[in-house]
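*Asks:* After the structure tokens below, expect a handful of questions from me.
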Amino acid sequence: MNIENIRPSKELLQKFHVLIGKDTNFSAHARLLQSKWRESKNIPIGQYRNSKGESICLGNYIEKCRAFEKGENFLNPRIFEVVKETLKNKEKGAKIEENRLYTNLLSSQPLAFNLFADLSLNKVKATNFFRELFPERGINEVTEIIFEHSDGRGDSGYTEDHSAFDVFVKYTLKSNELGFIGIEVKYSENLKDQPAKHKERYDKLTNESEVFTNNCIAALQKKPFQQIWRDHLLSISYLKHQNPKVKYKEGFFVYLYPKQNIECEKAVKEYTKFFKSYNHETNQFDKIASGFDFLYLEDFIEKLRESFNESWVNELKIRYLDNS
């Protein structure tokens, strides 16, 4: 069902405790879907502190104590264990808001774990999965999948900021050299957040990358492009850094989001028009030359279903995409 111009009724949103006026049509559907899923699992509703400082029951939240104890924001016990291990060993400067991770069903952070944690535990399946997903890349073996990762937060050799990838996939090439995939996961975000402070380092990386058209920086500094651009630049900086912590032969950035999130869809399609490799006649761009790719959540989950014949993968589709 195309929900771009369709919004759930006020009565239905009130019934499931998810009536938020500022929601886009997609985020209203997504928030409703999370509340329905929570109720179907008999998980107690949690509370959210609104802009007025009031604590209100909100259907896409899980009661806090139970959320931390049982890990019900995650689709199986293995994923929950990966979450706990990640928090135990999180990188210095990593921005993982534990309360949001455990209690907010709508957040893209638990979605990232639900999508990739099981893959992180099985290198054989992960290798086969990513080879099929990106056949044009030279993936020989996936060696590691980690969460909320950056090799150099604040490092001037990278982007000089605290950007990080939601998911980072390391792999080897047949030459035994290293490659990576830096992934940003989105769900209901509308990309209207205020842009972060601009840095000259972004300009330098953009101009030296040979990826972008001339005179595009002023546009890329603004929403909805800036975060996509900064994460893309982070991946570019991995290959441009003169003294990197790890030497990568190749690497690229992937933006993963639901196709029906029209704000993400429009932003990504417009963003690729800033690439030198963009063809205005075919509306295509060179993925290798740009070091950029995008994936639809719908297609990614379908690919997972082909690789993992397990109930938790079907649960992914029901929880995040079933808009019937």
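In the structure tokens, each chain is lettered A, B, ... as it comes, each chain's residues begin at 1, and ligands are numbered from 1 in order of appearance.
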Per residue of stretch 113-211 of chain A within 12 Å of stretch 270-276 of chain A, what are the shortest atom pair and its distance in Å to one decimal, counting only C-alpha atoms, with rows by chain and residue number, as CSV?
*Replies:*
```
residue,atom,partner,partner_atom,distance
A:Thr206,CA,A:Phe275,CA,10.5
A:Asn207,CA,A:Lys276,CA,11.7
A:Ser209,CA,A:Phe275,CA,10.5
A:Glu210,CA,A:Lys276,CA,7.7
A:Val211,CA,A:Phe275,CA,5.6
```
*Asks:* List the spatial neighbours of stretch 134-149 of chain A as a PDB file with N, CA and C atoms, in the first residue's frame - criterion: any atom at most 10 Å away, only C-alpha atoms, same-chain residues fewer than 4 positions off excluded.
*Replies:*
```pdb
ATOM      1  N   VAL A  82      24.124  -9.386  21.470  1.00  0.00           N
ATOM      2  CA  VAL A  82      25.011  -8.524  20.683  1.00  0.00           C
ATOM      3  C   VAL A  82      24.900  -7.076  21.162  1.00  0.00           C
ATOM      4  N   VAL A  83      23.680  -6.645  21.465  1.00  0.00           N
ATOM      5  CA  VAL A  83      23.460  -5.291  21.983  1.00  0.00           C
ATOM      6  C   VAL A  83      24.231  -5.090  23.280  1.00  0.00           C
ATOM      7  N   THR A  86      27.925  -4.937  22.671  1.00  0.00           N
ATOM      8  CA  THR A  86      28.297  -3.668  22.040  1.00  0.00           C
ATOM      9  C   THR A  86      28.368  -2.552  23.068  1.00  0.00           C
ATOM     10  N   LEU A  87      27.400  -2.496  23.952  1.00  0.00           N
ATOM     11  CA  LEU A  87      27.392  -1.461  24.989  1.00  0.00           C
ATOM     12  C   LEU A  87      28.551  -1.645  25.961  1.00  0.00           C
ATOM     13  N   LYS A  90      31.683  -0.461  23.912  1.00  0.00           N
ATOM     14  CA  LYS A  90      31.463   0.613  22.946  1.00  0.00           C
ATOM     15  C   LYS A  90      32.689   1.518  22.839  1.00  0.00           C
ATOM     16  N   GLU A  91      32.869   2.055  21.641  1.00  0.00           N
ATOM     17  CA  GLU A  91      34.018   2.897  21.358  1.00  0.00           C
ATOM     18  C   GLU A  91      33.918   4.215  22.120  1.00  0.00           C
ATOM     19  N   LYS A  92      35.073   4.782  22.429  1.00  0.00           N
ATOM     20  CA  LYS A  92      35.110   6.083  23.088  1.00  0.00           C
ATOM     21  C   LYS A  92      34.440   7.125  22.185  1.00  0.00           C
ATOM     22  N   GLY A  93      33.476   7.841  22.733  1.00  0.00           N
ATOM     23  CA  GLY A  93      32.769   8.857  21.966  1.00  0.00           C
ATOM     24  C   GLY A  93      31.565   8.346  21.208  1.00  0.00           C
ATOM     25  N   ALA A  94      31.306   7.051  21.288  1.00  0.00           N
ATOM     26  CA  ALA A  94      30.153   6.485  20.573  1.00  0.00           C
ATOM     27  C   ALA A  94      28.853   7.017  21.167  1.00  0.00           C
ATOM     28  N   LYS A  95      27.948   7.444  20.296  1.00  0.00           N
ATOM     29  CA  LYS A  95      26.678   8.008  20.738  1.00  0.00           C
ATOM     30  C   LYS A  95      25.594   6.936  20.687  1.00  0.00           C
ATOM     31  N   ILE A  96      25.491   6.191  21.766  1.00  0.00           N
ATOM     32  CA  ILE A  96      24.442   5.178  21.891  1.00  0.00           C
ATOM     33  C   ILE A  96      23.582   5.556  23.090  1.00  0.00           C
ATOM     34  N   GLN A 109      17.940   2.921  15.765  1.00  0.00           N
ATOM     35  CA  GLN A 109      19.091   2.264  16.396  1.00  0.00           C
ATOM     36  C   GLN A 109      18.816   0.795  16.713  1.00  0.00           C
ATOM     37  N   ALA A 112      18.795  -1.198  13.491  1.00  0.00           N
ATOM     38  CA  ALA A 112      20.116  -1.579  12.979  1.00  0.00           C
ATOM     39  C   ALA A 112      20.572  -2.909  13.584  1.00  0.00           C
ATOM     40  N   PHE A 113      20.372  -3.072  14.896  1.00  0.00           N
ATOM     41  CA  PHE A 113      20.735  -4.340  15.533  1.00  0.00           C
ATOM     42  C   PHE A 113      19.837  -5.473  15.050  1.00  0.00           C
ATOM     43  N   PHE A 116      21.162  -6.495  11.540  1.00  0.00           N
ATOM     44  CA  PHE A 116      22.536  -6.938  11.281  1.00  0.00           C
ATOM     45  C   PHE A 116      23.154  -7.814  12.364  1.00  0.00           C
ATOM     46  N   ALA A 117      22.568  -7.883  13.559  1.00  0.00           N
ATOM     47  CA  ALA A 117      23.236  -8.596  14.657  1.00  0.00           C
ATOM     48  C   ALA A 117      23.404 -10.073  14.369  1.00  0.00           C
ATOM     49  N   ASP A 118      22.356 -10.709  13.824  1.00  0.00           N
ATOM     50  CA  ASP A 118      22.484 -12.138  13.526  1.00  0.00           C
ATOM     51  C   ASP A 118      23.536 -12.390  12.455  1.00  0.00           C
ATOM     52  N   LEU A 119      23.623 -11.508  11.488  1.00  0.00           N
ATOM     53  CA  LEU A 119      24.675 -11.624  10.472  1.00  0.00           C
ATOM     54  C   LEU A 119      26.058 -11.504  11.097  1.00  0.00           C
ATOM     55  N   SER A 120      26.169 -10.663  12.129  1.00  0.00           N
ATOM     56  CA  SER A 120      27.470 -10.452  12.765  1.00  0.00           C
ATOM     57  C   SER A 120      27.968 -11.706  13.473  1.00  0.00           C
ATOM     58  N   LEU A 121      27.064 -12.631  13.759  1.00  0.00           N
ATOM     59  CA  LEU A 121      27.416 -13.854  14.486  1.00  0.00           C
ATOM     60  C   LEU A 121      27.744 -15.020  13.569  1.00  0.00           C
ATOM     61  N   ASN A 122      27.544 -14.839  12.268  1.00  0.00           N
ATOM     62  CA  ASN A 122      27.755 -15.942  11.334  1.00  0.00           C
ATOM     63  C   ASN A 122      28.495 -15.419  10.101  1.00  0.00           C
ATOM     64  N   LYS A 123      29.813 -15.559  10.103  1.00  0.00           N
ATOM     65  CA  LYS A 123      30.627 -14.981   9.037  1.00  0.00           C
ATOM     66  C   LYS A 123      30.372 -15.632   7.681  1.00  0.00           C
ATOM     67  N   VAL A 124      30.034 -16.905   7.690  1.00  0.00           N
ATOM     68  CA  VAL A 124      29.762 -17.602   6.423  1.00  0.00           C
ATOM     69  C   VAL A 124      28.502 -17.036   5.779  1.00  0.00           C
ATOM     70  N   LYS A 125      27.439 -16.940   6.571  1.00  0.00           N
ATOM     71  CA  LYS A 125      26.193 -16.372   6.043  1.00  0.00           C
ATOM     72  C   LYS A 125      26.369 -14.907   5.676  1.00  0.00           C
ATOM     73  N   ALA A 126      27.118 -14.183   6.504  1.00  0.00           N
ATOM     74  CA  ALA A 126      27.358 -12.769   6.220  1.00  0.00           C
ATOM     75  C   ALA A 126      28.114 -12.603   4.908  1.00  0.00           C
ATOM     76  N   THR A 127      29.109 -13.442   4.673  1.00  0.00           N
ATOM     77  CA  THR A 127      29.875 -13.377   3.433  1.00  0.00           C
ATOM     78  C   THR A 127      28.986 -13.631   2.227  1.00  0.00           C
ATOM     79  N   ASN A 128      28.214 -14.696   2.278  1.00  0.00           N
ATOM     80  CA  ASN A 128      27.316 -15.020   1.166  1.00  0.00           C
ATOM     81  C   ASN A 128      26.286 -13.918   0.951  1.00  0.00           C
ATOM     82  N   PHE A 129      25.778 -13.390   2.055  1.00  0.00           N
ATOM     83  CA  PHE A 129      24.750 -12.352   1.995  1.00  0.00           C
ATOM     84  C   PHE A 129      25.271 -11.099   1.298  1.00  0.00           C
ATOM     85  N   PHE A 130      26.416 -10.610   1.727  1.00  0.00           N
ATOM     86  CA  PHE A 130      26.933  -9.355   1.176  1.00  0.00           C
ATOM     87  C   PHE A 130      27.513  -9.543  -0.228  1.00  0.00           C
ATOM     88  N   ARG A 153      36.924   9.519  15.456  1.00  0.00           N
ATOM     89  CA  ARG A 153      36.071  10.631  15.901  1.00  0.00           C
ATOM     90  C   ARG A 153      36.946  11.821  16.293  1.00  0.00           C
ATOM     91  N   SER A 163      31.046  12.026  13.535  1.00  0.00           N
ATOM     92  CA  SER A 163      30.204  11.150  12.723  1.00  0.00           C
ATOM     93  C   SER A 163      30.662   9.702  12.871  1.00  0.00           C
ATOM     94  N   ALA A 164      29.720   8.793  12.769  1.00  0.00           N
ATOM     95  CA  ALA A 164      30.026   7.367  12.834  1.00  0.00           C
ATOM     96  C   ALA A 164      29.008   6.610  11.983  1.00  0.00           C
ATOM     97  N   PHE A 165      29.350   5.402  11.624  1.00  0.00           N
ATOM     98  CA  PHE A 165      28.436   4.547  10.880  1.00  0.00           C
ATOM     99  C   PHE A 165      27.576   3.748  11.857  1.00  0.00           C
ATOM    100  N   ASP A 166      26.297   3.606  11.546  1.00  0.00           N
ATOM    101  CA  ASP A 166      25.432   2.764  12.374  1.00  0.00           C
ATOM    102  C   ASP A 166      25.943   1.327  12.363  1.00  0.00           C
ATOM    103  N   VAL A 167      26.347   0.884  11.181  1.00  0.00           N
ATOM    104  CA  VAL A 167      26.854  -0.480  11.006  1.00  0.00           C
ATOM    105  C   VAL A 167      28.096  -0.403  10.119  1.00  0.00           C
ATOM    106  N   PHE A 168      29.116  -1.164  10.470  1.00  0.00           N
ATOM    107  CA  PHE A 168      30.360  -1.167   9.706  1.00  0.00           C
ATOM    108  C   PHE A 168      30.736  -2.609   9.400  1.00  0.00           C
ATOM    109  N   VAL A 169      30.841  -2.917   8.107  1.00  0.00           N
ATOM    110  CA  VAL A 169      31.148  -4.277   7.653  1.00  0.00           C
ATOM    111  C   VAL A 169      32.569  -4.293   7.099  1.00  0.00           C
ATOM    112  N   LYS A 170      33.430  -5.115   7.688  1.00  0.00           N
ATOM    113  CA  LYS A 170      34.792  -5.280   7.190  1.00  0.00           C
ATOM    114  C   LYS A 170      34.863  -6.553   6.345  1.00  0.00           C
ATOM    115  N   TYR A 171      35.573  -6.469   5.244  1.00  0.00           N
ATOM    116  CA  TYR A 171      35.743  -7.665   4.423  1.00  0.00           C
ATOM    117  C   TYR A 171      37.127  -7.691   3.784  1.00  0.00           C
ATOM    118  N   THR A 172      37.522  -8.872   3.343  1.00  0.00           N
ATOM    119  CA  THR A 172      38.777  -9.020   2.621  1.00  0.00           C
ATOM    120  C   THR A 172      38.487  -9.192   1.136  1.00  0.00           C
ATOM    121  N   LEU A 173      39.462  -8.804   0.331  1.00  0.00           N
ATOM    122  CA  LEU A 173      39.446  -9.054  -1.105  1.00  0.00           C
ATOM    123  C   LEU A 173      40.255 -10.325  -1.378  1.00  0.00           C
ATOM    124  N   LYS A 174      40.205 -10.821  -2.593  1.00  0.00           N
ATOM    125  CA  LYS A 174      40.985 -12.015  -2.931  1.00  0.00           C
ATOM    126  C   LYS A 174      42.477 -11.760  -2.796  1.00  0.00           C
ATOM    127  N   SER A 175      42.865 -10.493  -2.894  1.00  0.00           N
ATOM    128  CA  SER A 175      44.273 -10.119  -2.733  1.00  0.00           C
ATOM    129  C   SER A 175      44.687 -10.056  -1.269  1.00  0.00           C
ATOM    130  N   ASN A 176      43.738 -10.337  -0.367  1.00  0.00           N
ATOM    131  CA  ASN A 176      43.911 -10.226   1.087  1.00  0.00           C
ATOM    132  C   ASN A 176      43.945  -8.782   1.572  1.00  0.00           C
ATOM    133  N   GLU A 177      43.782  -7.821   0.657  1.00  0.00           N
ATOM    134  CA  GLU A 177      43.617  -6.436   1.077  1.00  0.00           C
ATOM    135  C   GLU A 177      42.224  -6.256   1.668  1.00  0.00           C
ATOM    136  N   LEU A 178      42.003  -5.115   2.341  1.00  0.00           N
ATOM    137  CA  LEU A 178      40.781  -4.917   3.106  1.00  0.00           C
ATOM    138  C   LEU A 178      39.802  -3.971   2.420  1.00  0.00           C
ATOM    139  N   GLY A 179      38.521  -4.243   2.637  1.00  0.00           N
ATOM    140  CA  GLY A 179      37.457  -3.358   2.189  1.00  0.00           C
ATOM    141  C   GLY A 179      36.448  -3.162   3.297  1.00  0.00           C
ATOM    142  N   PHE A 180      35.564  -2.188   3.113  1.00  0.00           N
ATOM    143  CA  PHE A 180      34.547  -1.931   4.134  1.00  0.00           C
ATOM    144  C   PHE A 180      33.258  -1.424   3.500  1.00  0.00           C
ATOM    145  N   ILE A 181      32.182  -1.579   4.258  1.00  0.00           N
ATOM    146  CA  ILE A 181      30.887  -0.976   3.928  1.00  0.00           C
ATOM    147  C   ILE A 181      30.441  -0.201   5.160  1.00  0.00           C
ATOM    148  N   GLY A 182      30.278   1.112   5.025  1.00  0.00           N
ATOM    149  CA  GLY A 182      29.732   1.932   6.100  1.00  0.00           C
ATOM    150  C   GLY A 182      28.256   2.152   5.848  1.00  0.00           C
ATOM    151  N   ILE A 183      27.418   1.829   6.816  1.00  0.00           N
ATOM    152  CA  ILE A 183      25.967   1.828   6.598  1.00  0.00           C
ATOM    153  C   ILE A 183      25.259   2.765   7.569  1.00  0.00           C
ATOM    154  N   GLU A 184      24.371   3.581   7.034  1.00  0.00           N
ATOM    155  CA  GLU A 184      23.471   4.422   7.828  1.00  0.00           C
ATOM    156  C   GLU A 184      22.068   3.841   7.708  1.00  0.00           C
ATOM    157  N   GLU A 250      39.514  -0.605  -0.626  1.00  0.00           N
ATOM    158  CA  GLU A 250      38.264  -0.079  -1.156  1.00  0.00           C
ATOM    159  C   GLU A 250      37.250   0.054  -0.035  1.00  0.00           C
ATOM    160  N   GLY A 251      36.214   0.824  -0.289  1.00  0.00           N
ATOM    161  CA  GLY A 251      35.149   0.992   0.693  1.00  0.00           C
ATOM    162  C   GLY A 251      34.080   1.896   0.139  1.00  0.00           C
ATOM    163  N   PHE A 252      32.875   1.765   0.674  1.00  0.00           N
ATOM    164  CA  PHE A 252      31.764   2.577   0.180  1.00  0.00           C
ATOM    165  C   PHE A 252      30.712   2.764   1.261  1.00  0.00           C
ATOM    166  N   LYS A 287      28.008   3.650  -9.119  1.00  0.00           N
ATOM    167  CA  LYS A 287      28.164   3.298  -7.709  1.00  0.00           C
ATOM    168  C   LYS A 287      29.624   3.143  -7.315  1.00  0.00           C
ATOM    169  N   ILE A 288      30.422   2.609  -8.226  1.00  0.00           N
ATOM    170  CA  ILE A 288      31.842   2.407  -7.919  1.00  0.00           C
ATOM    171  C   ILE A 288      32.555   3.750  -7.848  1.00  0.00           C
ATOM    172  N   ASP A 293      25.905   3.970  -2.335  1.00  0.00           N
ATOM    173  CA  ASP A 293      24.800   3.118  -2.766  1.00  0.00           C
ATOM    174  C   ASP A 293      23.649   3.327  -1.799  1.00  0.00           C
TER     175      ASP A 293
END
```
*Asks:* Per DSSP on the backbone, filter stretch 151-239 of chain A down to the residues in strand (DSSP E) and report them as a list in words.
*Replies:*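 Filtering stretch 151-239 of chain A to strand (DSSP E) leaves Phe165, Asp166, Val167, Phe168, Val169, Lys170, Tyr171, Thr172, Leu178, Gly179, Phe180, Ile181, Gly182, Ile183, Glu184 and Val185 of chain A.
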*Asks:* I'd like the neighbourhood of A:Tyr202 as a PyMOL selection string, where a residue qualifies if any of its atoms comes within 8 Å (using only C-alpha atoms), though same-chain residues fewer than 4 positions away should be ignored.
*Replies:* chain A and resi 159+198+206+230+233
*Asks:* Show me, as a list in words, the residues that have an atom within 8 Å of stretch 297-310 of chain A when counting only C-alpha atoms, minus same-chain residues fewer than 5 positions from it.
*Replies:*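 Listing them by chain and then by number gives Leu115, Lys125, Phe129, Leu256, Tyr257, Pro258, Lys259, Leu316, Lys317 and Leu321 of chain A.
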*Asks:* Would you compute the distance between atom CA of A:Asn76 and atom CA of A:Ser311? Give it in Å to one decimal.
*Replies:*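 Atom-to-atom, atom CA of A:Asn76 and atom CA of A:Ser311 are spaced 9.4 Å apart.
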*Asks:* Could you give me, as an MDAnalysis selection string, each residue of stretch 10-230 of chain A that DSSP assigns to helix (DSSP H, G or I) when run on this structure's backbone?
*Replies:* chainID A and resid 10:15 25:40 64:70 77:88 98:103 108:120 123:133 200:209 217:220 226:230
*Asks:* Considering only C-alpha atoms, give me a table of residues in stretch 79-190 of chain A that are at most 10 Å from stretch 62-70 of chain A, with the closest atom pair and distance in Å for each, as a Markdown table.
*Replies:*
```
| residue | atom | partner | partner_atom | distance |
| --- | --- | --- | --- | --- |
| A:Phe80 | CA | A:Lys70 | CA | 8.6 |
| A:Glu98 | CA | A:Phe68 | CA | 9.0 |
| A:Asn99 | CA | A:Lys64 | CA | 7.7 |
| A:Arg100 | CA | A:Lys64 | CA | 9.7 |
| A:Leu101 | CA | A:Ala67 | CA | 9.4 |
| A:Tyr102 | CA | A:Ala67 | CA | 5.7 |
| A:Thr103 | CA | A:Ile62 | CA | 4.8 |
| A:Asn104 | CA | A:Ile62 | CA | 6.6 |
| A:Leu105 | CA | A:Ile62 | CA | 7.3 |
```
*Asks:* Could you turn the residues from that selection into a file that holds C-alpha atoms, as an mmCIF file, in the first residue's frame?
*Replies:*
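Saved file selection-v1.cif follows:
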```
data_model
loop_
_atom_site.group_PDB
_atom_site.id
_atom_site.type_symbol
_atom_site.label_atom_id
_atom_site.label_comp_id
_atom_site.auth_asym_id
_atom_site.auth_seq_id
_atom_site.Cartn_x
_atom_site.Cartn_y
_atom_site.Cartn_z
ATOM 1 C CA PHE A 80 19.933 -8.861 22.649
ATOM 2 C CA GLU A 98 20.682 3.355 25.976
ATOM 3 C CA ASN A 99 17.218 4.457 27.049
ATOM 4 C CA ARG A 100 16.203 5.080 23.449
ATOM 5 C CA LEU A 101 17.863 1.871 22.285
ATOM 6 C CA TYR A 102 15.998 -0.275 24.804
ATOM 7 C CA THR A 103 12.638 1.457 25.086
ATOM 8 C CA ASN A 104 11.823 3.222 21.784
ATOM 9 C CA LEU A 105 10.409 0.751 19.285
#
```
*Asks:* Would you mind listing what lies within 8 Å of A:Leu75 as a PyMOL selection string, with only C-alpha atoms counted and same-chain residues fewer than 6 positions away left out?
*Replies:* chain A and resi 114+312+315-316
*Asks:* Put those residues in a file: C-alpha atoms, as a CSV table (one decimal), in the first residue's frame.
*Replies:*
```csv
chain,number,residue,atom,x,y,z
A,114,ASN,CA,17.6,-6.3,14.5
A,312,TRP,CA,12.7,-13.6,13.5
A,315,GLU,CA,8.9,-10.8,12.4
A,316,LEU,CA,11.1,-8.0,10.9
```
*Asks:* Which is closer to A:Leu19 than all the others in A:Ala218, A:Ala289, A:Phe294, A:Gly59, using only C-alpha atoms?
*Replies:*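 Using only C-alpha atoms, A:Leu19 sits closest to A:Gly59.
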*Asks:* Measuring atom to atom with only C-alpha atoms, identify which of A:Ser51, A:Glu281, A:Leu12, A:Arg7 is nearest to A:Lys36.
*Replies:*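 When distances to A:Lys36 are compared using only C-alpha atoms, the smallest one comes from A:Leu12.
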*Asks:* Which residue, A:Leu33, A:Ala267, A:Val313, A:Val18, has the smallest gap to A:Cys57 when you use only C-alpha atoms?
*Replies:* A:Val18
*Asks:* Grab the atom CA of A:Lys240 to atom CA of A:Lys199 distance for me, in Å with one decimal place.
*Replies:*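 Computed distance, atom CA of A:Lys240 to atom CA of A:Lys199, equals 16.9 Å.
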